[in-house]
file data.cif (mmCIF, C-alpha atoms)
data_target
#
loop_
_atom_site.label_atom_id
_atom_site.label_comp_id
_atom_site.auth_asym_id
_atom_site.auth_seq_id
_atom_site.Cartn_x
_atom_site.Cartn_y
_atom_site.Cartn_z
CA MET A 28 -30.96 21.38 -0.63
CA ALA A 29 -29.79 18.01 0.75
CA ARG A 30 -28.25 17.07 -2.61
CA ALA A 31 -26.37 20.37 -2.79
CA PHE A 32 -25.10 19.92 0.75
CA THR A 33 -23.81 16.37 0.20
CA THR A 34 -22.18 17.35 -3.09
CA ASP A 35 -20.44 20.28 -1.42
CA PHE A 36 -19.39 18.01 1.44
CA SER A 37 -17.91 15.52 -1.04
CA LYS A 38 -15.89 18.22 -2.76
CA LYS A 39 -14.48 19.47 0.54
CA LEU A 40 -13.76 16.13 2.22
CA PHE A 41 -10.85 14.96 0.10
CA PRO A 42 -8.78 18.19 0.26
CA PHE A 43 -9.42 18.23 3.99
CA GLY A 44 -8.17 14.64 4.26
CA VAL A 45 -5.01 15.47 2.33
CA ALA A 46 -4.40 18.39 4.68
CA VAL A 47 -4.85 16.07 7.67
CA CYS A 48 -2.29 13.62 6.25
CA LEU A 49 0.20 16.42 5.68
CA PHE A 50 -0.32 17.84 9.14
CA ILE A 51 0.07 14.48 10.92
CA ALA A 52 3.19 13.54 8.97
CA VAL A 53 4.82 16.90 9.69
CA VAL A 54 3.91 16.89 13.39
CA LEU A 55 5.02 13.31 13.96
CA ASN A 56 8.31 13.97 12.24
CA GLY A 57 9.27 17.42 13.43
CA GLN A 58 12.47 15.74 14.50
CA ALA A 59 13.51 15.79 10.82
CA VAL A 60 13.43 19.59 10.82
CA LEU A 61 15.20 19.76 14.16
CA ALA A 62 17.89 17.39 12.93
CA PHE A 63 18.44 19.53 9.85
CA GLN A 64 18.78 22.67 11.99
CA ALA A 65 21.16 20.89 14.34
CA ASP A 66 23.33 19.77 11.43
CA SER A 67 23.77 23.38 10.37
CA LEU A 68 25.08 24.29 13.82
CA LYS A 69 27.23 21.33 14.79
CA THR A 70 28.97 18.30 13.40
CA LYS A 71 27.03 15.62 11.56
CA GLN A 72 25.06 13.31 13.85
CA GLU A 73 23.96 9.77 12.97
CA PRO A 74 20.15 9.55 12.56
CA ARG A 75 18.36 6.96 14.68
CA ARG A 76 15.62 5.88 12.27
CA TYR A 77 15.91 3.60 9.25
CA ILE A 78 12.60 4.56 7.61
CA ARG A 79 11.94 8.11 6.48
CA PRO A 80 8.44 9.62 6.68
CA CYS A 81 6.54 9.48 3.41
CA ILE A 82 3.50 11.29 1.98
CA TYR A 83 2.00 9.94 -1.23
CA LEU A 84 -0.82 10.54 -3.69
CA ASN A 85 -2.14 7.79 -6.02
CA THR A 86 -4.84 7.75 -8.67
CA TYR A 87 -6.51 4.86 -10.52
CA ARG A 88 -9.23 4.65 -13.15
CA THR A 89 -10.93 2.43 -15.71
CA PRO A 90 -13.03 3.93 -18.50
CA GLU A 91 -16.80 3.54 -18.59
CA ARG A 92 -17.74 0.56 -20.75
CA THR A 93 -20.99 -0.97 -21.95
CA ILE A 94 -22.16 -4.12 -20.17
CA PRO A 95 -23.83 -6.47 -22.70
CA SER A 96 -26.95 -8.51 -21.88
CA GLN A 97 -27.90 -6.46 -18.81
CA ASP A 98 -31.23 -4.69 -18.39
CA ILE A 99 -30.36 -2.78 -15.16
CA LEU A 100 -26.70 -1.76 -15.13
CA THR A 101 -25.79 -1.22 -18.76
CA SER A 102 -22.36 0.37 -18.26
CA TYR A 103 -19.67 0.71 -15.61
CA GLY A 104 -16.58 2.81 -14.97
CA PHE A 105 -14.47 3.51 -11.91
CA ARG A 106 -12.21 6.30 -10.60
CA GLN A 107 -10.40 6.72 -7.31
CA LEU A 108 -7.93 9.12 -5.74
CA SER A 109 -6.05 8.39 -2.52
CA ALA A 110 -3.69 10.31 -0.26
CA GLY A 111 -1.71 8.61 2.49
CA PHE A 112 1.33 8.66 4.69
CA TYR A 113 3.52 6.57 6.95
CA ALA A 114 5.79 8.04 9.60
CA PRO A 115 8.19 6.51 12.16
CA LEU A 116 7.20 7.18 15.76
CA TYR A 117 9.84 5.13 17.56
CA THR A 118 13.04 3.39 16.47
CA GLN A 119 15.44 1.47 18.69
CA THR A 120 18.56 -0.52 17.77
CA TRP A 121 20.62 -2.80 20.00
CA LEU A 122 23.33 -5.45 19.82
CA CYS A 123 22.36 -9.12 19.85
CA LYS A 124 23.92 -11.55 22.31
CA ASP A 125 26.65 -12.40 19.80
CA ARG A 126 27.81 -8.74 20.10
CA ILE A 127 27.95 -8.55 16.29
CA SER A 128 24.42 -8.59 14.88
CA LEU A 129 22.01 -5.68 15.30
CA SER A 130 18.33 -6.00 16.22
CA SER A 131 15.90 -3.14 15.70
CA LEU A 132 12.32 -2.20 16.51
CA HIS A 133 10.28 0.21 14.40
CA VAL A 134 6.86 1.63 15.31
CA LEU A 135 5.10 3.66 12.61
CA ALA A 136 1.84 5.54 12.15
CA SER A 137 0.02 5.16 8.83
CA GLY A 138 -3.08 6.56 7.22
CA ASN A 139 -4.97 6.75 3.96
CA ILE A 140 -7.92 8.76 2.67
CA LEU A 141 -9.65 7.50 -0.47
CA SER A 142 -12.27 9.12 -2.69
CA VAL A 143 -14.14 6.74 -5.03
CA ALA A 144 -16.43 7.59 -7.95
CA PRO A 145 -18.16 4.59 -9.56
CA ALA A 146 -20.10 5.32 -12.75
CA PHE A 147 -23.14 3.29 -13.75
CA PRO A 148 -26.73 4.15 -14.73
CA GLY A 149 -28.89 5.17 -11.79
CA LEU A 150 -26.19 7.02 -9.87
CA ALA A 151 -25.76 10.77 -10.05
CA SER A 152 -22.74 11.94 -12.03
CA ASP A 153 -21.24 13.52 -8.90
CA TYR A 154 -21.79 10.46 -6.67
CA ARG A 155 -18.85 9.80 -4.32
CA MET A 156 -17.81 7.30 -1.68
CA ASN A 157 -15.05 7.93 0.83
CA LYS A 158 -12.80 5.69 2.87
CA THR A 159 -10.76 6.98 5.81
CA SER A 160 -8.19 4.93 7.66
CA PHE A 161 -5.64 5.72 10.38
CA GLY A 162 -3.60 2.93 11.93
CA GLY A 163 -0.11 1.77 12.70
CA ARG A 164 2.45 -0.94 12.17
CA LEU A 165 5.30 -2.62 13.98
CA ILE A 166 8.46 -4.04 12.41
CA TYR A 167 10.89 -6.09 14.50
CA ASN A 168 14.21 -7.13 12.97
CA THR A 169 15.69 -10.01 14.97
CA GLY A 170 19.16 -9.38 13.57
CA LYS A 171 19.32 -13.04 12.45
CA GLY A 172 17.50 -12.69 9.15
CA GLY A 173 14.00 -12.68 10.65
CA ILE A 174 11.46 -9.85 10.37
CA TRP A 175 8.19 -9.76 12.34
CA PHE A 176 5.66 -7.44 10.72
CA ALA A 177 2.22 -6.35 12.02
CA ASP A 178 -0.08 -3.79 10.42
CA LEU A 179 -3.47 -2.63 11.75
CA ALA A 180 -5.76 -0.38 9.68
CA PRO A 181 -9.21 0.52 11.08
CA PHE A 182 -11.35 2.32 8.51
CA LEU A 183 -14.71 3.90 7.70
CA ALA A 184 -16.03 3.51 4.15
CA ASN A 185 -19.33 5.17 3.25
CA ASP A 186 -21.06 7.32 0.68
CA ASN A 187 -21.85 10.97 1.36
CA SER A 188 -25.53 10.55 2.13
CA ARG A 189 -24.91 10.15 5.88
CA SER A 190 -28.35 8.52 6.11
CA HIS A 191 -26.95 5.74 8.33
CA PRO A 192 -24.24 5.69 11.02
CA PRO A 193 -20.84 4.72 9.56
CA THR A 194 -19.56 1.19 10.16
CA LEU A 195 -16.10 0.84 11.66
CA ARG A 196 -14.25 -2.05 10.08
CA TYR A 197 -10.61 -3.01 10.33
CA SER A 198 -8.04 -4.90 8.35
CA TYR A 199 -4.77 -6.32 9.61
CA SER A 200 -1.75 -8.33 8.54
CA VAL A 201 0.62 -10.28 10.78
CA LEU A 202 3.51 -12.19 9.23
CA PHE A 203 7.04 -13.48 9.64
CA ASN A 204 9.61 -12.86 6.93
CA LYS A 205 12.78 -14.92 6.75
CA THR A 206 15.68 -13.53 4.75
CA VAL A 207 17.55 -16.72 3.96
CA SER A 208 20.10 -14.97 1.74
CA ARG A 209 20.46 -12.06 -0.64
CA LEU A 210 18.81 -14.22 -3.30
CA PHE A 211 15.97 -15.86 -1.40
CA GLY A 212 13.39 -15.16 1.30
CA TYR A 213 9.95 -16.38 2.33
CA ARG A 214 6.94 -15.13 4.31
CA VAL A 215 4.09 -16.71 6.22
CA GLY A 216 1.24 -15.09 8.15
CA ILE A 217 -2.45 -14.25 8.31
CA ALA A 218 -4.53 -11.27 7.21
CA LYS A 219 -7.98 -9.79 7.36
CA THR A 220 -8.52 -7.90 4.14
CA TYR A 221 -11.37 -6.47 2.07
CA LEU A 222 -9.39 -6.42 -1.17
CA PHE A 223 -11.97 -8.94 -2.46
CA GLY A 224 -14.98 -6.96 -1.29
CA GLY A 225 -17.18 -9.11 0.92
CA GLY A 226 -15.78 -12.42 -0.25
CA PHE A 227 -14.08 -14.22 -3.10
CA GLU A 228 -15.19 -17.50 -4.64
CA THR A 229 -13.60 -19.98 -7.03
CA ARG A 230 -14.92 -23.32 -8.26
CA THR A 231 -13.28 -25.04 -5.30
CA TYR A 232 -12.87 -22.51 -2.49
CA ARG A 233 -14.67 -19.59 -0.92
CA PHE A 234 -12.57 -16.93 0.79
CA GLY A 235 -13.87 -14.49 3.35
CA PRO A 236 -11.98 -11.50 4.71
CA TYR A 237 -9.61 -13.83 6.61
CA MET A 238 -6.82 -15.23 4.47
CA PRO A 239 -3.40 -16.84 4.88
CA LEU A 240 -0.33 -14.93 3.76
CA LEU A 241 2.23 -17.03 1.91
CA GLY A 242 5.11 -15.65 -0.07
CA MET A 243 8.57 -16.14 -1.46
CA ARG A 244 11.21 -14.05 -3.22
CA ILE A 245 13.80 -15.30 -5.70
CA GLY A 246 16.54 -12.86 -6.58
CA PRO A 247 18.03 -9.76 -4.92
CA LEU A 248 15.77 -6.87 -3.89
CA ASP A 249 18.40 -4.45 -5.19
CA GLY A 250 18.41 -6.16 -8.61
CA THR A 251 16.08 -8.40 -10.64
CA TYR A 252 13.81 -10.64 -8.60
CA LEU A 253 10.57 -12.64 -8.71
CA SER A 254 8.09 -12.02 -5.90
CA LEU A 255 5.13 -14.36 -5.26
CA GLN A 256 2.98 -13.05 -2.40
CA PHE A 257 -0.43 -14.75 -1.98
CA PRO A 258 -3.00 -13.23 -2.08
CA ARG A 259 -1.53 -9.77 -2.73
CA GLU A 260 0.75 -9.90 -5.74
CA ALA A 261 2.89 -11.83 -8.21
CA SER A 262 5.55 -9.70 -9.89
CA LEU A 263 8.83 -9.69 -11.76
CA ASN A 264 10.84 -6.65 -10.69
CA PHE A 265 13.92 -5.12 -12.29
CA ARG A 266 16.15 -2.05 -12.22
CA VAL A 267 16.46 0.32 -15.17
CA GLY A 268 19.54 2.35 -14.33
CA SER A 269 20.13 4.12 -11.03
CA LYS A 270 16.92 6.22 -11.05
CA CYS A 271 14.27 3.97 -12.54
CA SER A 272 12.80 0.56 -11.73
CA GLY A 273 10.02 -1.48 -13.28
CA SER A 274 7.79 -4.48 -12.66
CA VAL A 275 5.45 -6.80 -14.52
CA PHE A 276 2.70 -7.79 -12.10
CA MET A 277 -0.66 -9.35 -11.36
CA LYS A 278 -2.52 -8.30 -8.22
CA PRO A 279 -6.06 -7.85 -6.82
CA THR A 280 -7.62 -4.55 -5.88
CA GLY A 281 -11.01 -3.74 -4.38
CA GLY A 282 -12.90 -2.77 -1.27
CA ILE A 283 -16.24 -2.53 0.49
CA TYR A 284 -18.42 0.53 1.18
CA ASN A 285 -21.69 1.36 2.90
CA LEU A 286 -24.29 2.96 0.63
CA SER A 287 -27.69 4.43 1.31
CA GLY A 288 -30.43 2.09 0.11
CA LYS A 289 -32.15 5.04 -1.53
CA SER A 290 -29.14 5.75 -3.73
CA VAL A 291 -29.41 2.30 -5.36
CA ASP A 292 -33.19 1.81 -5.19
CA PHE A 293 -33.16 1.08 -8.93
CA LEU A 294 -31.68 -2.36 -8.13
CA PRO A 295 -33.96 -5.36 -7.39
CA GLN A 296 -34.62 -6.28 -3.72
CA THR A 297 -32.96 -3.14 -2.42
CA ASN A 298 -33.78 -2.42 1.21
CA ALA A 299 -34.18 1.34 1.12
CA GLN A 300 -34.46 1.49 4.93
CA GLY A 301 -31.03 0.08 5.69
CA PRO A 302 -27.48 0.40 4.38
CA VAL A 303 -26.35 -1.54 1.34
CA ARG A 304 -22.83 -2.94 1.14
CA PHE A 305 -21.17 -2.30 -2.19
CA GLY A 306 -18.22 -4.62 -2.81
CA ARG A 307 -15.86 -4.74 -5.75
CA TYR A 308 -12.70 -6.53 -6.77
CA GLU A 309 -10.68 -7.01 -9.91
CA PHE A 310 -7.30 -8.37 -10.93
CA LEU A 311 -4.78 -5.98 -12.47
CA ASN A 312 -2.31 -7.36 -14.99
CA GLY A 313 0.16 -4.77 -16.10
CA LEU A 314 3.46 -2.96 -16.17
CA ARG A 315 4.70 -0.30 -13.73
CA PHE A 316 7.66 2.07 -13.87
CA ASP A 317 8.97 4.08 -10.89
CA TYR A 318 11.26 7.08 -11.28
CA THR A 319 13.29 8.57 -8.41
CA PRO A 320 15.42 11.47 -9.63
CA GLY A 321 16.60 12.51 -6.17
CA ASN A 322 16.38 11.88 -2.47
CA VAL A 323 12.90 13.34 -1.90
CA PHE A 324 10.60 13.01 -4.89
CA SER A 325 9.41 9.82 -6.65
CA CYS A 326 6.70 9.08 -9.19
CA PHE A 327 5.23 6.07 -10.99
CA VAL A 328 2.93 5.23 -13.86
CA SER A 329 1.21 1.89 -14.42
CA THR A 330 -1.11 0.49 -17.07
CA GLY A 331 -2.44 -2.81 -18.28
CA LEU A 332 -5.61 -4.91 -18.31
CA SER A 333 -8.16 -5.29 -15.50
CA THR A 334 -9.75 -8.75 -15.49
CA SER A 335 -12.14 -10.80 -13.30
CA ARG A 336 -14.08 -7.66 -12.43
CA HIS A 337 -16.90 -8.25 -9.94
CA LEU A 338 -19.50 -6.02 -8.29
CA THR A 339 -21.79 -7.12 -5.44
CA PHE A 340 -24.63 -5.39 -3.58
CA SER A 341 -25.68 -7.00 -0.30
CA SER A 342 -27.62 -6.25 2.88
CA LYS A 343 -26.96 -9.44 4.88
CA GLU A 344 -23.78 -10.84 6.39
CA ARG A 345 -23.22 -14.39 7.61
CA ALA A 346 -20.02 -16.04 8.87
CA GLY A 347 -17.87 -13.23 7.53
CA PHE A 348 -19.43 -13.30 4.05
CA PHE A 349 -21.76 -10.75 2.53
CA GLU A 350 -24.67 -12.42 0.73
CA PRO A 351 -25.40 -10.37 -2.41
CA PHE A 352 -28.89 -9.71 -3.66
CA TYR A 353 -27.38 -8.44 -6.90
CA ALA A 354 -24.02 -9.44 -8.40
CA LEU A 355 -22.40 -8.64 -11.69
CA LYS A 356 -19.31 -9.74 -13.59
CA ILE A 357 -17.87 -7.17 -15.97
CA ARG A 358 -15.75 -7.58 -19.08
CA PRO A 359 -12.02 -6.80 -18.91
CA SER A 360 -10.90 -3.22 -19.42
CA VAL A 361 -7.70 -1.24 -19.62
CA PHE A 362 -6.63 0.67 -16.51
CA LEU A 363 -4.32 3.57 -15.79
CA SER A 364 -2.68 4.34 -12.46
CA ALA A 365 -0.14 6.96 -11.44
CA GLY A 366 1.27 8.41 -8.25
CA ILE A 367 3.80 10.68 -6.59
CA ALA A 368 5.55 10.41 -3.22
CA PHE A 369 7.74 12.61 -1.03
CA ARG A 370 10.14 11.25 1.60
CA PHE A 371 11.67 13.60 4.13
CA GLY A 372 14.61 13.80 6.49
CA LYS A 373 17.56 11.50 6.96
CA ALA A 374 17.87 7.84 7.89
CA LYS A 375 20.55 5.27 8.60
CA ARG A 376 22.11 3.80 5.50
CA VAL A 377 21.84 0.03 5.35
CA GLN A 378 23.84 -0.93 2.26
CA ASN A 379 23.98 -4.75 1.98
CA ASP A 380 21.73 -5.32 5.03
CA TYR A 381 19.36 -7.69 3.21
CA ALA A 382 17.01 -8.24 6.15
CA MET A 383 16.41 -4.49 6.33
CA TYR A 384 15.76 -4.51 2.58
CA ASP A 385 12.91 -6.94 3.30
CA ALA A 386 11.69 -4.64 6.09
CA PHE A 387 11.60 -1.73 3.62
CA ASP A 388 9.77 -3.88 1.09
CA LEU A 389 7.14 -4.87 3.66
CA ASN A 390 6.62 -1.31 4.81
CA SER A 391 6.12 0.12 1.31
CA GLY A 392 4.14 -2.87 0.02
CA TYR A 393 1.43 -2.65 2.69
CA ALA A 394 -0.06 0.76 1.98
CA GLY A 395 -2.32 2.23 4.65
CA GLY A 396 -6.06 1.61 4.60
CA ASP A 397 -5.96 -1.93 3.17
CA GLU A 398 -4.94 -0.60 -0.23
CA ASN A 399 -2.82 -2.71 -2.56
CA SER A 400 -0.96 0.08 -4.33
CA ALA A 401 2.53 0.85 -3.07
CA PRO A 402 3.77 4.46 -2.93
CA ALA A 403 6.11 5.58 -5.68
CA GLY A 404 9.80 4.90 -5.20
CA SER A 405 11.67 2.58 -2.90
CA ALA A 406 13.92 2.90 0.14
CA ILE A 407 16.10 0.01 -1.07
CA PRO A 408 19.45 1.42 -2.26
CA ASN A 409 21.09 0.50 -5.53
CA ARG A 410 24.14 -1.70 -5.53
CA PRO A 411 27.35 0.33 -4.96
CA ASN A 412 29.23 1.14 -8.14
CA ILE A 413 32.63 0.72 -6.50
CA GLU A 414 33.63 -2.83 -5.58
CA LEU A 415 36.06 -3.49 -2.73
CA LYS A 416 38.24 -5.65 -4.95
CA HIS A 417 39.03 -2.53 -6.97
CA ALA A 418 39.86 -0.41 -3.92
CA SER A 419 43.54 -0.31 -4.86
CA LYS A 420 42.60 1.63 -8.01
CA VAL A 421 40.76 4.45 -6.26
CA ASP A 422 42.12 7.22 -4.12
CA TYR A 423 41.76 7.60 -0.36
CA MET A 424 38.73 9.91 -0.48
CA ASP A 425 36.78 7.47 -2.69
CA VAL A 426 37.39 4.63 -0.21
CA GLU A 427 36.33 6.85 2.69
CA ASP A 428 33.07 7.79 0.91
CA LEU A 429 32.41 4.13 0.15
CA PHE A 430 32.57 3.07 3.78
CA GLN A 431 30.39 5.99 4.87
CA GLU A 432 27.80 4.93 2.31
CA GLN A 433 27.77 1.28 3.37
CA GLU A 434 27.59 1.97 7.12
CA LEU A 435 29.68 -1.08 8.08
CA TYR A 436 29.46 -1.93 11.78
#

call {"tool": "encode", "arguments": {"input": "data.cif", "output": "structure tokens"}}
result
Amino acid sequence: MARAFTTDFSKKLFPFGVAVCLFIAVVLNGQAVLAFQADSLKTKQEPRRYIRPCIYLNTYRTPERTIPSQDILTSYGFRQLSAGFYAPLYTQTWLCKDRISLSSLHVLASGNILSVAPAFPGLASDYRMNKTSFGGRLIYNTGKGGIWFADLAPFLANDNSRSHPPTLRYSYSVLFNKTVSRLFGYRVGIAKTYLFGGGFETRTYRFGPYMPLLGMRIGPLDGTYLSLQFPREASLNFRVGSKCSGSVFMKPTGGIYNLSGKSVDFLPQTNAQGPVRFGRYEFLNGLRFDYTPGNVFSCFVSTGLSTSRHLTFSSKERAGFFEPFYALKIRPSVFLSAGIAFRFGKAKRVQNDYAMYDAFDLNSGYAGGDENSAPAGSAIPNRPNIELKHASKVDYMDVEDLFQEQELY
């Protein structure tokens, strides 16, 4: 009876979470509908916000593979499905003291609901873990090339047994981004993240959930550029026409979850009376393509090789680290990831505002719930096809459309 109840609960939780995301995004952004209705009744009005609300759905999986030389866990596979959103709550723009530059403040709500299904001997075939996060972020554009970014994501991550009270954890990122020019920018900050499970070790260093954020970009965000963002990603990004973009990347992914000790009592030294922390991380090395055919819908597909795959099971925590009683390193495997996203309403156009391009990149790069998978598509516009130096060769209406698109102040 208990097994049937928890299985039924697992099947119902994720659709319910998706419905919650949809409801929150629609409620928080009813102004988009009102603006559309107003436009049909009166002259066009300039939208206040720069960031449009977004709802996205991502999936990721690695096939089940045999683990050699192991007498307990002889195989491992992983699947996850996530639904999330971000939505602007407040946007304000004002002139700087020089009466030329524009500063802006953006406050957004964000959320993510994740369903995880690990596969290894000893777990039931319908075993699920769920992670729910609702938080917010703040983006402040100084108007002088500086962007202050803060993201807070409290979350609950547990299996469906409900044998122990859920543990509230939180992740955050605080950083400063400097847009030096169209071709170069850098970032510095600090983060608390569980992308490496309960901790990450090398031969020289041991990282807990607290990590520095250091990054730099070489090249234009609306063209081909190299992005090095420790510890989140290293990527070479490029445009493929006006509707498609691609990237070659390396990045970590992972998380931490509370399990019932009884669900993993086949492992050595398992404390069946208390919760067990299941941590995982791996490094994805692959290729991603995003396709945006219009103003609303976007999709992406990504594949490659997952390396440095680690699993840990622990029941003790000390100085921010989880001390595993059982740990396992798994051979590399192929992975497949895909996603869709919908962006609604209207927003200010910011053609050639390179600091705002960095703000868009920060907002989409830090997915809700401490996930390291950006939604499909991008808010960064393509370069305009009409150059000002050729204005004498186009008619009056083309020039008028150009200036409306670029939103020159």

call {"tool": "closest_residue", "arguments": {"input": "data.cif", "among": "A:Tyr77, A:Phe362, A:Phe161, A:Tyr384", "to": "Phe112 (chain A)", "atoms": "only C-alpha atoms"}}
result
A:Phe161

call {"tool": "atom_distance", "arguments": {"input": "data.cif", "atom1": "CA of Gly366 (chain A)", "atom2": "CA of Pro402 (chain A)"}}
result
7.1 Å

call {"tool": "residues_around", "arguments": {"input": "data.cif", "residues": "Gly111 (chain A)", "least_positions_apart": "5", "cutoff": "6 Å", "atoms": "all atoms listed in the file", "output": "VMD selection string"}}
result
chain A and resid 82 to 83 138 to 139

call {"tool": "atom_distance", "arguments": {"input": "data.cif", "atom1": "CA of Met383 (chain A)", "atom2": "CA of Tyr199 (chain A)"}}
result
21.5 Å

call {"tool": "atom_distance", "arguments": {"input": "data.cif", "atom1": "CA of Ile367 (chain A)", "atom2": "CA of Ser198 (chain A)"}}
result
24.6 Å

call {"tool": "closest_residue", "arguments": {"input": "data.cif", "among": "A:Gly306, A:Gly268, A:Pro236, A:Pro80", "to": "Asn390 (chain A)", "atoms": "only C-alpha atoms"}}
result
A:Pro80

call {"tool": "closest_residue", "arguments": {"input": "data.cif", "among": "A:Cys123, A:Leu183, A:Cys271, A:Val134", "to": "Leu195 (chain A)", "atoms": "all atoms listed in the file"}}
result
A:Leu183

call {"tool": "residues_around", "arguments": {"input": "data.cif", "residues": "Ala136 (chain A)", "least_positions_apart": "3", "cutoff": "10 Å", "atoms": "only C-alpha atoms", "output": "list in words"}}
result
Ile51, Ala52, Leu55, Pro80, Phe112, Tyr113, Ala114, Pro115, Leu116, Tyr117, Phe161, Gly162, Gly163, Arg164, Leu165, Asp178, Leu179, Ala180 and Gly395 of chain A

call {"tool": "closest_residue", "arguments": {"input": "data.cif", "among": "A:Ile127, A:Leu108, A:Ala374, A:Val267", "to": "Lys171 (chain A)", "atoms": "only C-alpha atoms"}}
result
A:Ile127

call {"tool": "closest_residue", "arguments": {"input": "data.cif", "among": "A:Arg370, A:Arg315, A:Lys158, A:Lys375", "to": "Pro193 (chain A)", "atoms": "only C-alpha atoms"}}
result
A:Lys158

call {"tool": "resolve_selection", "arguments": {"input": "data.cif", "expression": "the PyMOL selection byres ((chain A and resi 209) around 6)", "output": "compact mmCIF listing (two decimals) with C-alpha atoms, in the frame of the given file"}}
result
# COMPACT_ATOMS: atom_id res chain seq x y z
CA SER A 208 20.10 -14.97 1.74
CA LEU A 210 18.81 -14.22 -3.30
CA PHE A 211 15.97 -15.86 -1.40
CA PRO A 247 18.03 -9.76 -4.92
CA TYR A 381 19.36 -7.69 3.21

call {"tool": "residues_near_point", "arguments": {"input": "data.cif", "point": "(-24.1, 8.3, 1.5)", "cutoff": "10 Å", "atoms": "only C-alpha atoms", "output": "PyMOL selection string"}}
result
chain A and resi 33+37+154-157+184-193+284-290+302

call {"tool": "closest_residue", "arguments": {"input": "data.cif", "among": "A:Tyr318, A:Phe105, A:Phe305, A:Phe257", "to": "Ser272 (chain A)", "atoms": "only C-alpha atoms"}}
result
A:Tyr318

call {"tool": "residues_around", "arguments": {"input": "data.cif", "residues": "Asp380 (chain A)", "least_positions_apart": "2", "cutoff": "12 Å", "atoms": "all atoms listed in the file", "output": "NGL selection string"}}
result
:A and (77 or 128-130 or 168 or 170-172 or 206 or 208-209 or 247-249 or 375-378 or 382-387 or 407-408 or 410 or 433-436)

call {"tool": "write_last_selection", "arguments": {"input": "data.cif", "atoms": "C-alpha atoms", "output": "compact mmCIF listing (two decimals), in the coordinates of the input"}}
result
# COMPACT_ATOMS: atom_id res chain seq x y z
CA TYR A 77 15.91 3.60 9.25
CA SER A 128 24.42 -8.59 14.88
CA LEU A 129 22.01 -5.68 15.30
CA SER A 130 18.33 -6.00 16.22
CA ASN A 168 14.21 -7.13 12.97
CA GLY A 170 19.16 -9.38 13.57
CA LYS A 171 19.32 -13.04 12.45
CA GLY A 172 17.50 -12.69 9.15
CA THR A 206 15.68 -13.53 4.75
CA SER A 208 20.10 -14.97 1.74
CA ARG A 209 20.46 -12.06 -0.64
CA PRO A 247 18.03 -9.76 -4.92
CA LEU A 248 15.77 -6.87 -3.89
CA ASP A 249 18.40 -4.45 -5.19
CA LYS A 375 20.55 5.27 8.60
CA ARG A 376 22.11 3.80 5.50
CA VAL A 377 21.84 0.03 5.35
CA GLN A 378 23.84 -0.93 2.26
CA ALA A 382 17.01 -8.24 6.15
CA MET A 383 16.41 -4.49 6.33
CA TYR A 384 15.76 -4.51 2.58
CA ASP A 385 12.91 -6.94 3.30
CA ALA A 386 11.69 -4.64 6.09
CA PHE A 387 11.60 -1.73 3.62
CA ILE A 407 16.10 0.01 -1.07
CA PRO A 408 19.45 1.42 -2.26
CA ARG A 410 24.14 -1.70 -5.53
CA GLN A 433 27.77 1.28 3.37
CA GLU A 434 27.59 1.97 7.12
CA LEU A 435 29.68 -1.08 8.08
CA TYR A 436 29.46 -1.93 11.78

call {"tool": "resolve_selection", "arguments": {"input": "data.cif", "expression": "the PyMOL selection byres ((chain A and resi 219) around 10)", "output": "VMD selection string"}}
result
chain A and resid 179 to 180 197 to 201 217 to 218 220 to 222 235 to 240 397
